[in-house]
Every structure is written in structure tokens, then in C-alpha cells.
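**Student:** Sharing a structure here in C-alpha cells format.
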Amino acid sequence: MQRIAELLPAARPSLPAVPGQNQLPFDPWVLSSALVLILTGFIMISSASLDVAMKNNGTPYFYVIRQGVFMLIALVGAVIVWNIPLRFWEQTGHWWMIGAGFLLILVLVPGIGKGVNGSNRWLPLGPLNLQASEVAKFCMVVYMGGYLVRRLDEVRSSWKGIAKPTLPLGIFCILLYFEPDFGALVVLMGTVMGMIFLGGMRFSQFLMVITGVIGLLVAVVGLQPYRVARLQSFLDPWSDPFGTGYQLSQAQIAFGRGEWFGTGLGNSVQKLFYLPEAHTDFVFSVLAEELGFIGAAFLVLTYAVLVVNIFRIGRRAEKLKAFFKAYVCYGFAIIFAGQALINIGVNVGALPTKGLTLPLVSYGGSSLLVSCAMLGLILRVDYELKAFGKQPAPEEENEKSEADVRTREKAA
């Protein structure tokens with residue numbers, strides 16, 4: 001804790017001007033695509049939730065107002081994260097991982113964690129609920145970024161470097177299994193494996209690890225009968241359209257009604273109590289029904305722009321040998337891409353139901369807050385790369401000088 005306190009003053013440096021007349025302090029593609037997704041999500045949540053909110057809460061604007069508040073909180077959170085130098089996150093990553101593990105444990109404690117639809121995933125914080133698995137994704141990426149920087153040679157040369165991070169990952173996955181939150185478990189495992197692979201893991205080792213992970217996931221699915229039922233309904237949702245296949249069949253009806261150009265904003269029929277969780281897990285189906293294939297394709301394209309440009313920032317950082325910045329960008333890009341692909345895959349019937357939100361679009365405070373925190377960190381990476389270029393940040397230079405002084409003192 002003393003070490004963290006020493007780092008906090010460095011979290012508020014005077015920010016240098018970005019060199020170059022035509023250089024923007026923010027990556028325009030990441031920022032604009034993220035804003036498009038957030039605003040699109042707000043519009044679709046407003047459309048999809050009015051009737052449900054009126055029935056459950058007595059006012060049609062219940063979810064609209066809450067999502068607006070979530071957006072303001074997430075914006076403030078993103079600004080705070082952006083103002084913290086990457087050095088702080090790199091040197092405190094293990095503390096964030098421990099904190100996230102503590103939250104995952106608290107969720108499972110009777111009387112503390114809040115259960116919804118048979119899953120204990122939330123911690124009640126007054127009027128808001130915090131989903132611990134969302135925080136765990138952010139913290140694990142920050143920790144893994146620092147680990148890969150410290151143990152990069154070991155990761156690239158031996159199994160030992162690959163095996164070490166599996167301990168905290170395994171603990172997180174066990175806790176997620178008992179919530180249960182299988183979707184978050186899959187995303188977290190895929191993100192960590194992707195970061196290790198991009199850090200220089202041998203391809204043969206990667207294939208062996210992936211084979212083992214797939215076998216483990218198959219075993220996990222087989223141990224829980226309700227997941228087997230979900231898998232069977234995914235393969236043929238119309239065999240039981242009013243039972244296990246209800247969600248997927250209603251989502252497919254929504255896509256069929258949307259055709260090319262949609263039924264028009266606000267004209268969805270499936271959101272009228274036919275499609276469960278229309279403003280959360282299945283908001284993409286409502287969008288496809290109201291805006292058609294063109295609207296759905298535009299949303300997918302926006303995600304592609306966001307993810308590709310996050311990878312581009314990470315690649316630029318890697319070329320400048322700013323490895324922590326690179327790996328953090330890679331990890332967050334994998335989360336955005338993986339979670340969006342899974343959610344959209346579930347909506348179109350290509351994947352079994354997972355219960356994952358669509359990042360930046362679905363209703364929910366935890367998901368939006370953590371996603372915006374990720375974007376704040378990504379934009380901070382882009383800013384530092386532009387502001388400092390190949391030169392280390394001032395606090396990094398000071399740290400290097402202090403280390404040189406200590407080395408000379410020991411030698412003397």
C-alpha cells in the first residue's frame with residue numbers, strides 16, 4: 001500500500017502538448033466509433049425498454065433514465081482513468097488483480113452477493129449493482145500486461161512462464177464457475193491466452209493450450225445439465241420453441257421481420273414481451289428488427305473499426321518497445337471483439353445462449369463503466385505514444401535515473 005501511495009502523486013503530471021500540428025490528442029477512430037456505439041445503445045435501450053419498464057416499474061422511462069446516469073458515470077470514470085499514467089497501472093497490477101478476486105469471492109457470500117435468474121453475479125451498492133466479473137476482466141488484463149513485461153523472455157522460451165499466470169486465472173475461473181457466469185469465464189480465458197500468444201508464445205505450445213482449454217470447457221458444460229439443455233436448444237431451437245429454444249426462436253423471428261431496412265425505429269413487435277431481456281442480452285435482435293440488415297451490418301462494422309484501431313495502437317506501442325502499453329491494448333481489443341462476437345452470435349443463433357452483454361450497447365452500469373474505463377486506458381496509451389514518442393515519460397526517466405544511482409551506490 002505504501003508503494004501505491006508513492007505512485008499516486010505521479011498520476012497527475014503536467015501533460016505535454018502533443019507534437020505536430022495535425023496530431024490529435026485522441027485517436028479519432030477509437031473515440032468516434034465508441035461514441036457511436038454508446039449513443040446507438042442508448043437509442044435502442046430507449047426503444048426496447050419502454051413497455052417492460054412501464055409494466056415492471058410504473059414509468060416507461062425507468063431504464064432510459066438509469067442508462068443516462070450510467071453514461072455520465074462512465075464518462076467521468078473514463079476521464080479519471082485517462083488522467084492516470086500507464087506507469088501507475090503497470091506497477092500496481094497485482095493489487096488490482098487481488099482486489100478483483102476479493103470482489104468475486106464477495107459475490108458468493110450469502111447475504112452479500114445478489115442473485116438474479118439463478119446467478120450470483122452482482123454486489124448491491126445502494127441504487128446500483130456492481131457486476132464483479134466485469135471488473136475482473138479489466139484487472140486481469142492490467143495484471144497480465146505487467147506480467148508479460150516482467151517475464152517476457154520466460155514466456156517466449158519455456159512452459160514455466162506460461163504456467164505462472166494460470167494460477168490467478170484458474171482461481172478467477174473457479175469463482176466464475178460457481179456464480180455461475182460461463183460467458184465471462186470464456187471471455188477471460190480467451191483474453192489471457194490471446195495476450196500470452198501475442199506476447200511471443202510458441203505456436204505449438206499455443207495449440208496444446210487451446211486443445212486443453214477446449215477440453216476443459218466441454219467438461220464444464222457436461223457437468224451442468226442446464227448447459228447441455230442450452231446446447232441442445234441451440235442446435236435446433238424450433239424443436240421446443242416455447243421451452244428451451246424460446247429465446248433463440250424469438251430472436252430469429254426478430255431478424256426475419258427486420259429484412260433489409262427494418263420495420264422502423266420503435267416499431268419492433270418482439271420487444272413487446274416476446275423476446276426476454278430485449279434491452280440487455282438481446283438488444284441486437286431488436287436493432288436488427290427495427291433497423292434491418294443495414295443497421296445490424298453498420299453496428300458490426302463500427303465494432304470492427306473500434307477493435308482494429310485498438311490493435312493498431314497496440315502494434316504502434318510494441319514497435320516502440322512500450323510492451324505494457326501494447327499488451328494492455330491487445331487484451332482490451334480481445335475483450336471487445338470476443339464479447340461482441342459472442343453476443344451477436346447468440347442473437348443470430350450461431351452460438352448457445354451465454355448471458356453476455358453487447359459492449360457499450362446493452363443496458364447495464366457495470367459493463368458500460370468498465371468498457372469506458374478500458375477506452376480511457378487505450379486513449380491514454382495513444383496519448384503517451386504521441387506525446388513522448390520514443391522518449392520515456394518523465395516519471396519513467398526519473399525512475400531509471402534513481403535505479404542507476406542505486407546501482408552505482410551498490411557497486412561503490
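Residue names in the C-alpha cells use chain letters A, B, ... in the order shown, residue numbers from 1 in each chain, and ligand numbers from 1 in the order shown.
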Could you find all residues in segment 152-276 of chain A that DSSP calls alpha helix (DSSP H) from the backbone, and write them as a VMD selection string?
**Tutor:** chain A and resid 152 to 157 159 to 163 166 to 178 182 to 198 203 to 223 225 to 235 246 to 258
**Student:** Can I get the residues of segment 178-205 of chain A within 7 Å of segment 136-159 of chain A, each with the closest pair of atoms and their distance in Å to one decimal, using only C-alpha atoms, sorted chain first then ascending number, as CSV?
**Tutor:**
residue,atom,partner,partner_atom,distance
A:Leu188,CA,A:Lys137,CA,6.2
A:Gly199,CA,A:Leu148,CA,6.8
A:Gly200,CA,A:Arg156,CA,5.3
A:Met201,CA,A:Arg156,CA,5.1
A:Arg202,CA,A:Arg156,CA,6.7
**Student:** Could the residues in this selection be written to a file with N, CA and C atoms, as an mmCIF file, in the first residue's frame?
**Tutor:**
data_model
loop_
_atom_site.group_PDB
_atom_site.id
_atom_site.type_symbol
_atom_site.label_atom_id
_atom_site.label_comp_id
_atom_site.auth_asym_id
_atom_site.auth_seq_id
_atom_site.Cartn_x
_atom_site.Cartn_y
_atom_site.Cartn_z
ATOM 1 N N LEU A 188 -12.674 -14.375 -20.355
ATOM 2 C CA LEU A 188 -11.462 -14.158 -19.565
ATOM 3 C C LEU A 188 -10.358 -15.122 -19.980
ATOM 4 N N GLY A 199 2.225 -12.156 -26.917
ATOM 5 C CA GLY A 199 3.487 -11.845 -26.260
ATOM 6 C C GLY A 199 4.657 -12.656 -26.794
ATOM 7 N N GLY A 200 4.409 -13.670 -27.609
ATOM 8 C CA GLY A 200 5.501 -14.424 -28.221
ATOM 9 C C GLY A 200 5.499 -15.901 -27.905
ATOM 10 N N MET A 201 4.397 -16.414 -27.396
ATOM 11 C CA MET A 201 4.291 -17.843 -27.108
ATOM 12 C C MET A 201 4.447 -18.658 -28.389
ATOM 13 N N ARG A 202 5.137 -19.788 -28.290
ATOM 14 C CA ARG A 202 5.318 -20.636 -29.467
ATOM 15 C C ARG A 202 3.977 -21.177 -29.952
#
**Student:** Compare A:Phe26, A:Phe197, A:Phe255, A:Trp96 by their minimum atom-to-atom distance to Val348 of chain A, counting only C-alpha atoms, and give me the closest one.
**Tutor:** A:Phe255
**Student:** Could you check which of A:Leu216, A:Ser367, A:Ile38, A:Ile43 is closest to Leu291 of chain A, using only C-alpha atoms?
**Tutor:**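 When distances to Leu291 of chain A are compared using only C-alpha atoms, the smallest one comes from A:Ile43.
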**Student:** Quick one: everything within 9 Å of Ala317 of chain A, counting only C-alpha atoms, minus sequence neighbours fewer than 5 positions away in the same chain. Send it as an MDAnalysis selection string.
**Tutor:** chainID A and resid 312 322:327 329 381:382 385
**Student:** With C-alpha atoms retained, export the selected residues as a tab-separated table (two decimals), in the first residue's frame.
**Tutor:**
chain	number	residue	atom	x	y	z
A	312	ARG	CA	-3.25	-0.60	-34.34
A	322	ALA	CA	6.41	0.03	-24.91
A	323	PHE	CA	5.32	-3.52	-24.20
A	324	PHE	CA	2.96	-2.90	-21.29
A	325	LYS	CA	1.00	-0.40	-23.35
A	326	ALA	CA	0.91	-2.84	-26.25
A	327	TYR	CA	-0.31	-5.83	-24.26
A	329	CYS	CA	-4.36	-2.67	-25.81
A	381	VAL	CA	-1.79	4.79	-24.39
A	382	ASP	CA	-2.37	6.62	-27.66
A	385	LEU	CA	2.77	7.43	-27.59
**Student:** Which residues come within 9 Å of segment 31-36 of chain A, counting only C-alpha atoms, excluding same-chain residues fewer than 3 positions away, as a list in words?
**Tutor:**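 My reading of the contact set: Phe26, Asp27, Pro28, Leu39, Thr40, Gly41, Leu299, Thr302, Tyr303, Val305, Leu306, Leu360, Cys372, Leu375 and Leu379 of chain A.
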**Student:** Which segment 117-203 of chain A residues have any atom within 12 Å of an atom of segment 69-80 of chain A, and for each, what is the nearest pair of atoms with distance in Å to one decimal, counting only C-alpha atoms, rows sorted by chain and number, as a tab-separated table?
**Tutor:**
residue	atom	partner	partner_atom	distance
A:Pro127	CA	A:Val69	CA	11.4
A:Leu128	CA	A:Phe70	CA	9.4
A:Asn129	CA	A:Phe70	CA	11.2
A:Leu130	CA	A:Phe70	CA	11.7
**Student:** Take the residues from that selection and write them out as an mmCIF file, in the first residue's frame, keeping C-alpha atoms.
**Tutor:**
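Below is the file again05.cif, written as the result:
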data_model
loop_
_atom_site.group_PDB
_atom_site.id
_atom_site.type_symbol
_atom_site.label_atom_id
_atom_site.label_comp_id
_atom_site.auth_asym_id
_atom_site.auth_seq_id
_atom_site.Cartn_x
_atom_site.Cartn_y
_atom_site.Cartn_z
ATOM 1 C CA PRO A 127 -29.285 2.070 -6.084
ATOM 2 C CA LEU A 128 -26.603 0.479 -8.294
ATOM 3 C CA ASN A 129 -25.363 -3.100 -8.712
ATOM 4 C CA LEU A 130 -21.720 -3.876 -9.463
#
**Student:** Determine the nearest neighbour of Phe42 of chain A from the options A:Ser285, A:Gln270, A:Gln247, A:Gln67, counting only C-alpha atoms.
**Tutor:**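 Among the listed residues, A:Gln67 lies closest to Phe42 of chain A.
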**Student:** Residues of segment 59-136 of chain A in strand (DSSP E) according to DSSP, as a PyMOL selection string?
**Tutor:** chain A and resi 114-116+119-125+128-131
**Student:** How many Å lie between atom CA of Ala296 of chain A and atom CA of Val308 of chain A, rounded to one decimal?
**Tutor:**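 Computing it gives 18.5 Å between the two atoms.
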